[in-house]
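Read the structure below first, then the notes.
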Amino acid sequence: MPRMTKIIAIAALAGAMSFGSSQAAAPAFDPKDAIEYRERIMRTLQEQTAIIGMMASMAVPDSHVKETATTIALSAKMAAKSFEQNVPGGEAKPDVWTKYADFKSRMDAFVVDSQKLADAANKGASLTELTELLVPALPCKDCHDLYRDEKKK
Ligand code: HEC
């Protein structure tokens with residue numbers, strides 16, 4: 001590679017890397033995209049929660065309970081991050097940001113407790129043991145009652 005081309009390539013790479021790290025610290029999106037992004041994460045949670053519910057009620061085998069619980073824990077982390085940008089709209093009540101300390105403490109508890117569920121599943125806990133961890137791991141309704149204005153679809 002000619003020297004000049006090489007310098008340009010390295011500069012471009014460094015630029016891309018610093019862009020990447022600033023994005024990781026505080027993801028900033030166009031407001032409409034910020035809403036769509038967090039709603040898609042919430043829908044991921046809805047599907048995975050339905051699946052773990054099917055396993056808990058033994059409608060389907062629990063052979064993928066580790067993967068499901070791990071996906072919920074990872075999605076909870078993404079959900080917590082996705083509300084850092086102050087973008088009222090969608091079904092989010094403005095209270096999310098006017099009472100952000102309370103909202104964040106609920107999200108943080110969700111992250112911690114869903115991780116406990118994932119850790120237990122990955123250590124091979126029984127379905128009975130996991131069922132006990134489900135209630136704190138899935139505080140969906142508690143938060144929605146306060147912070148979500150569900151639109152009738
Ligand atoms: C700490 C608060 C909080 C927790 C915990 C939480 N949610 Fe939400 N959820 C919200 C808010 C706020 C919205 C509205 C987001 C928007 O429309 O911008 C929402 C929206 C949703 C939506 C609608 C998405 C759409 O398509 O518009 C679904 C489905 C959902 N949540 C499922 C879940 C499930 C399942 C869980 C638990 C595993 C959960 N949520 C946990 C706050 C929370």
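Residue numbering restarts at 1 for every chain of the structure tokens, chains are lettered A, B, ... in their displayed order, and ligands are numbered from 1 as they appear.
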
List every residue of chain A that has an atom at most 6 Å from any atom of ligand 1, and for each one report the closest atom pair and its distance in Å to one decimal, counting only C-alpha atoms and all ligand atoms, with rows sorted by chain and then by increasing residue number, as a tab-separated table.
```
residue	atom	partner	partner_atom_place_in_ligand_line	distance
A:Ile35	CA	ligand 1	18 (O)	4.8
A:Glu39	CA	ligand 1	24 (C)	4.2
A:Met42	CA	ligand 1	30 (C)	4.3
A:Arg43	CA	ligand 1	29 (C)	4.5
A:Leu45	CA	ligand 1	35 (C)	4.6
A:Gln46	CA	ligand 1	35 (C)	3.6
A:Thr49	CA	ligand 1	35 (C)	5.7
A:Gly89	CA	ligand 1	18 (O)	5.8
A:Gly90	CA	ligand 1	17 (O)	3.8
A:Glu91	CA	ligand 1	17 (O)	3.4
A:Ala92	CA	ligand 1	14 (C)	3.9
A:Phe103	CA	ligand 1	1 (C)	5.5
A:Arg106	CA	ligand 1	1 (C)	4.7
A:Met107	CA	ligand 1	1 (C)	4.2
A:Phe110	CA	ligand 1	5 (C)	5.7
A:Leu138	CA	ligand 1	38 (C)	4.6
A:Pro139	CA	ligand 1	5 (C)	5.1
A:Cys140	CA	ligand 1	41 (C)	3.6
A:Cys143	CA	ligand 1	2 (C)	4.2
A:His144	CA	ligand 1	42 (C)	5.2
A:Tyr147	CA	ligand 1	12 (C)	5.0
A:Arg148	CA	ligand 1	12 (C)	4.6
```

Saved selection, atoms kept: N, CA, C and O atoms, as a short mmCIF file (atom, residue, chain, number, x, y, z; two decimals), in the first residue's frame:
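What ended up in again09.cif:
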```cif
data_model
loop_
_atom_site.label_atom_id
_atom_site.label_comp_id
_atom_site.auth_asym_id
_atom_site.auth_seq_id
_atom_site.Cartn_x
_atom_site.Cartn_y
_atom_site.Cartn_z
N ILE A 35 -37.27 6.20 19.71
CA ILE A 35 -38.53 5.59 20.16
C ILE A 35 -38.68 4.20 19.55
O ILE A 35 -38.97 3.22 20.25
N GLU A 39 -38.79 0.58 21.59
CA GLU A 39 -39.99 -0.25 21.46
C GLU A 39 -39.65 -1.64 20.91
O GLU A 39 -40.24 -2.64 21.32
N MET A 42 -38.32 -3.63 23.75
CA MET A 42 -39.45 -4.05 24.59
C MET A 42 -40.18 -5.23 23.96
O MET A 42 -40.61 -6.15 24.66
N ARG A 43 -40.33 -5.21 22.63
CA ARG A 43 -41.04 -6.33 21.98
C ARG A 43 -40.20 -7.61 22.05
O ARG A 43 -40.76 -8.71 22.16
N LEU A 45 -38.36 -8.35 24.58
CA LEU A 45 -38.64 -8.80 25.96
C LEU A 45 -39.99 -9.50 26.03
O LEU A 45 -40.15 -10.51 26.72
N GLN A 46 -40.97 -8.96 25.33
CA GLN A 46 -42.31 -9.55 25.37
C GLN A 46 -42.29 -10.98 24.83
O GLN A 46 -42.85 -11.89 25.45
N THR A 49 -40.31 -13.30 27.24
CA THR A 49 -41.08 -13.52 28.47
C THR A 49 -42.20 -14.52 28.21
O THR A 49 -42.47 -15.41 29.03
N GLY A 89 -42.46 10.42 24.05
CA GLY A 89 -43.17 10.00 22.84
C GLY A 89 -43.41 8.51 22.86
O GLY A 89 -43.06 7.83 23.83
N GLY A 90 -43.97 8.02 21.79
CA GLY A 90 -44.38 6.62 21.77
C GLY A 90 -45.37 6.40 22.90
O GLY A 90 -46.24 7.25 23.13
N GLU A 91 -45.21 5.33 23.64
CA GLU A 91 -46.10 5.08 24.77
C GLU A 91 -45.43 5.45 26.10
O GLU A 91 -45.94 5.13 27.17
N ALA A 92 -44.27 6.11 26.03
CA ALA A 92 -43.56 6.49 27.26
C ALA A 92 -44.18 7.76 27.83
O ALA A 92 -44.32 8.76 27.13
N PHE A 103 -37.36 5.98 37.80
CA PHE A 103 -37.44 5.11 36.62
C PHE A 103 -36.14 4.30 36.49
O PHE A 103 -36.16 3.09 36.29
N ARG A 106 -35.72 1.49 38.91
CA ARG A 106 -36.52 0.32 38.50
C ARG A 106 -35.83 -0.46 37.38
O ARG A 106 -35.80 -1.69 37.39
N MET A 107 -35.30 0.28 36.41
CA MET A 107 -34.57 -0.38 35.32
C MET A 107 -33.34 -1.11 35.87
O MET A 107 -33.05 -2.23 35.47
N PHE A 110 -34.34 -4.26 37.48
CA PHE A 110 -34.71 -5.21 36.42
C PHE A 110 -33.44 -5.87 35.85
O PHE A 110 -33.39 -7.09 35.69
N LEU A 138 -39.06 -10.17 36.36
CA LEU A 138 -39.94 -9.62 35.33
C LEU A 138 -40.90 -8.57 35.92
O LEU A 138 -42.09 -8.80 36.04
N PRO A 139 -40.38 -7.39 36.27
CA PRO A 139 -41.21 -6.35 36.88
C PRO A 139 -41.94 -5.51 35.82
O PRO A 139 -42.16 -4.31 36.00
N CYS A 140 -42.30 -6.15 34.72
CA CYS A 140 -42.85 -5.46 33.56
C CYS A 140 -44.07 -4.61 33.93
O CYS A 140 -44.11 -3.42 33.65
N CYS A 143 -43.70 -1.44 36.27
CA CYS A 143 -43.17 -0.25 35.61
C CYS A 143 -44.18 0.32 34.62
O CYS A 143 -44.39 1.53 34.56
N HIS A 144 -44.82 -0.56 33.86
CA HIS A 144 -45.79 -0.07 32.86
C HIS A 144 -46.94 0.71 33.51
O HIS A 144 -47.40 1.70 32.97
N TYR A 147 -45.28 4.13 34.11
CA TYR A 147 -44.52 4.89 33.11
C TYR A 147 -44.93 4.66 31.66
O TYR A 147 -44.37 5.25 30.76
N ARG A 148 -45.90 3.75 31.45
CA ARG A 148 -46.30 3.49 30.06
C ARG A 148 -47.77 3.86 29.88
O ARG A 148 -48.60 3.48 30.70
#
```

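Nearest to Asp142 (chain A) of all the residues A:Thr128, A:Lys116, A:Ala109, A:Gly53 is A:Ala109, counting only C-alpha atoms.
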
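Distance-wise, CA of Leu127 (chain A) and CA of Met78 (chain A) end up 25.8 Å apart.
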
In Å, rounded to a single decimal, give me how far CA of Gln48 (chain A) is from CA of Asp119 (chain A).
->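 These two atoms are separated by 16.3 Å.
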
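With distances restricted to only C-alpha atoms, A:Thr71 is the closest residue to Ile52 (chain A) from A:Arg40, A:Thr71, A:Lys93, A:Gln115.
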
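Restricting the calculation to only C-alpha atoms, the smallest distance between Leu134 (chain A) and any of A:Val96, A:Leu146, A:Val87, A:Ile72 is found for A:Ile72.
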
Report the distance between CA of Thr98 (chain A) and CA of Pro136 (chain A) in Å, rounded to one decimal place.
->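 Separation of CA of Thr98 (chain A) and CA of Pro136 (chain A): 24.8 Å.
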
Residue set, region 21-145 of chain A restricted to alpha helix (DSSP H), as a PyMOL selection string = chain A and resi 21-25+31-56+65-82+95-98+100-122+127-137+140-145

Write out as a PyMOL selection string each polymer residue whose atoms come within 10 Å of Lys104 (chain A), counting only C-alpha atoms; drop sequence neighbours fewer than 6 positions from it.
-> chain A and resi 80-81+83-84+96-97+110

Generate the output file for the selected residues, all heavy atoms, as a PDB file, in the first residue's frame.
```
ATOM      1  N   ALA A  80     -32.551  -0.658  29.554  1.00  0.00           N
ATOM      2  CA  ALA A  80     -32.129   0.387  30.490  1.00  0.00           C
ATOM      3  C   ALA A  80     -31.392   1.499  29.737  1.00  0.00           C
ATOM      4  O   ALA A  80     -31.677   2.686  29.919  1.00  0.00           O
ATOM      5  CB  ALA A  80     -31.248  -0.211  31.580  1.00  0.00           C
ATOM      6  N   LYS A  81     -30.473   1.119  28.864  1.00  0.00           N
ATOM      7  CA  LYS A  81     -29.693   2.102  28.087  1.00  0.00           C
ATOM      8  C   LYS A  81     -30.592   2.893  27.147  1.00  0.00           C
ATOM      9  O   LYS A  81     -30.354   4.076  26.892  1.00  0.00           O
ATOM     10  CB  LYS A  81     -28.635   1.368  27.241  1.00  0.00           C
ATOM     11  CG  LYS A  81     -27.430   0.932  28.026  1.00  0.00           C
ATOM     12  CD  LYS A  81     -26.233   1.789  27.648  1.00  0.00           C
ATOM     13  CE  LYS A  81     -25.146   1.680  28.699  1.00  0.00           C
ATOM     14  NZ  LYS A  81     -24.478   2.933  28.958  1.00  0.00           N
ATOM     15  N   PHE A  83     -33.386   4.192  27.347  1.00  0.00           N
ATOM     16  CA  PHE A  83     -34.161   5.333  27.857  1.00  0.00           C
ATOM     17  C   PHE A  83     -33.256   6.454  28.360  1.00  0.00           C
ATOM     18  O   PHE A  83     -33.751   7.437  28.912  1.00  0.00           O
ATOM     19  CB  PHE A  83     -35.109   4.887  28.975  1.00  0.00           C
ATOM     20  CG  PHE A  83     -36.315   4.127  28.465  1.00  0.00           C
ATOM     21  CD1 PHE A  83     -36.280   2.752  28.357  1.00  0.00           C
ATOM     22  CD2 PHE A  83     -37.469   4.803  28.076  1.00  0.00           C
ATOM     23  CE1 PHE A  83     -37.388   2.033  27.868  1.00  0.00           C
ATOM     24  CE2 PHE A  83     -38.572   4.109  27.597  1.00  0.00           C
ATOM     25  CZ  PHE A  83     -38.532   2.722  27.496  1.00  0.00           C
ATOM     26  N   GLU A  84     -31.934   6.311  28.171  1.00  0.00           N
ATOM     27  CA  GLU A  84     -31.031   7.361  28.654  1.00  0.00           C
ATOM     28  C   GLU A  84     -31.240   8.666  27.896  1.00  0.00           C
ATOM     29  O   GLU A  84     -31.133   9.745  28.455  1.00  0.00           O
ATOM     30  CB  GLU A  84     -29.571   6.902  28.553  1.00  0.00           C
ATOM     31  CG  GLU A  84     -29.214   5.924  29.665  1.00  0.00           C
ATOM     32  CD  GLU A  84     -27.786   5.425  29.584  1.00  0.00           C
ATOM     33  OE1 GLU A  84     -27.048   5.799  28.634  1.00  0.00           O
ATOM     34  OE2 GLU A  84     -27.410   4.639  30.471  1.00  0.00           O
ATOM     35  N   VAL A  96     -41.141   9.407  32.718  1.00  0.00           N
ATOM     36  CA  VAL A  96     -39.884   8.640  32.600  1.00  0.00           C
ATOM     37  C   VAL A  96     -38.711   9.582  32.851  1.00  0.00           C
ATOM     38  O   VAL A  96     -37.774   9.237  33.580  1.00  0.00           O
ATOM     39  CB  VAL A  96     -39.760   7.973  31.203  1.00  0.00           C
ATOM     40  CG1 VAL A  96     -38.355   7.412  30.990  1.00  0.00           C
ATOM     41  CG2 VAL A  96     -40.816   6.885  31.027  1.00  0.00           C
ATOM     42  N   TRP A  97     -38.792  10.788  32.282  1.00  0.00           N
ATOM     43  CA  TRP A  97     -37.658  11.716  32.392  1.00  0.00           C
ATOM     44  C   TRP A  97     -37.835  12.735  33.496  1.00  0.00           C
ATOM     45  O   TRP A  97     -36.851  13.224  34.028  1.00  0.00           O
ATOM     46  CB  TRP A  97     -37.368  12.350  31.022  1.00  0.00           C
ATOM     47  CG  TRP A  97     -36.932  11.277  30.063  1.00  0.00           C
ATOM     48  CD1 TRP A  97     -35.664  10.747  29.934  1.00  0.00           C
ATOM     49  CD2 TRP A  97     -37.753  10.529  29.175  1.00  0.00           C
ATOM     50  NE1 TRP A  97     -35.666   9.724  29.024  1.00  0.00           N
ATOM     51  CE2 TRP A  97     -36.932   9.565  28.538  1.00  0.00           C
ATOM     52  CE3 TRP A  97     -39.113  10.556  28.846  1.00  0.00           C
ATOM     53  CZ2 TRP A  97     -37.413   8.650  27.593  1.00  0.00           C
ATOM     54  CZ3 TRP A  97     -39.597   9.650  27.903  1.00  0.00           C
ATOM     55  CH2 TRP A  97     -38.757   8.716  27.288  1.00  0.00           C
ATOM     56  N   PHE A 110     -34.344  -4.263  37.484  1.00  0.00           N
ATOM     57  CA  PHE A 110     -34.712  -5.206  36.420  1.00  0.00           C
ATOM     58  C   PHE A 110     -33.443  -5.867  35.855  1.00  0.00           C
ATOM     59  O   PHE A 110     -33.389  -7.095  35.687  1.00  0.00           O
ATOM     60  CB  PHE A 110     -35.480  -4.416  35.337  1.00  0.00           C
ATOM     61  CG  PHE A 110     -35.900  -5.182  34.126  1.00  0.00           C
ATOM     62  CD1 PHE A 110     -36.300  -6.516  34.182  1.00  0.00           C
ATOM     63  CD2 PHE A 110     -35.941  -4.546  32.873  1.00  0.00           C
ATOM     64  CE1 PHE A 110     -36.720  -7.207  33.041  1.00  0.00           C
ATOM     65  CE2 PHE A 110     -36.362  -5.213  31.734  1.00  0.00           C
ATOM     66  CZ  PHE A 110     -36.739  -6.536  31.813  1.00  0.00           C
TER      67      PHE A 110
END
```

Test item: residues at most 10 Å from Leu74 (chain A), only C-alpha atoms, excluding those fewer than 5 positions along its chain, as a PyMOL selection string = chain A and resi 45+68-69+79+111+114-115+118

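Neighbouring residues of Ser63 (chain A) at 12 Å or closer, counting only C-alpha atoms and skipping chain neighbours under 4 positions away, are Ile51, Ile52, Met54, Met55, Ala56, Met58, Glu67, Thr68, Ala69, Ala121, Asn122, Gly124, Ser126 and Leu127 of chain A.
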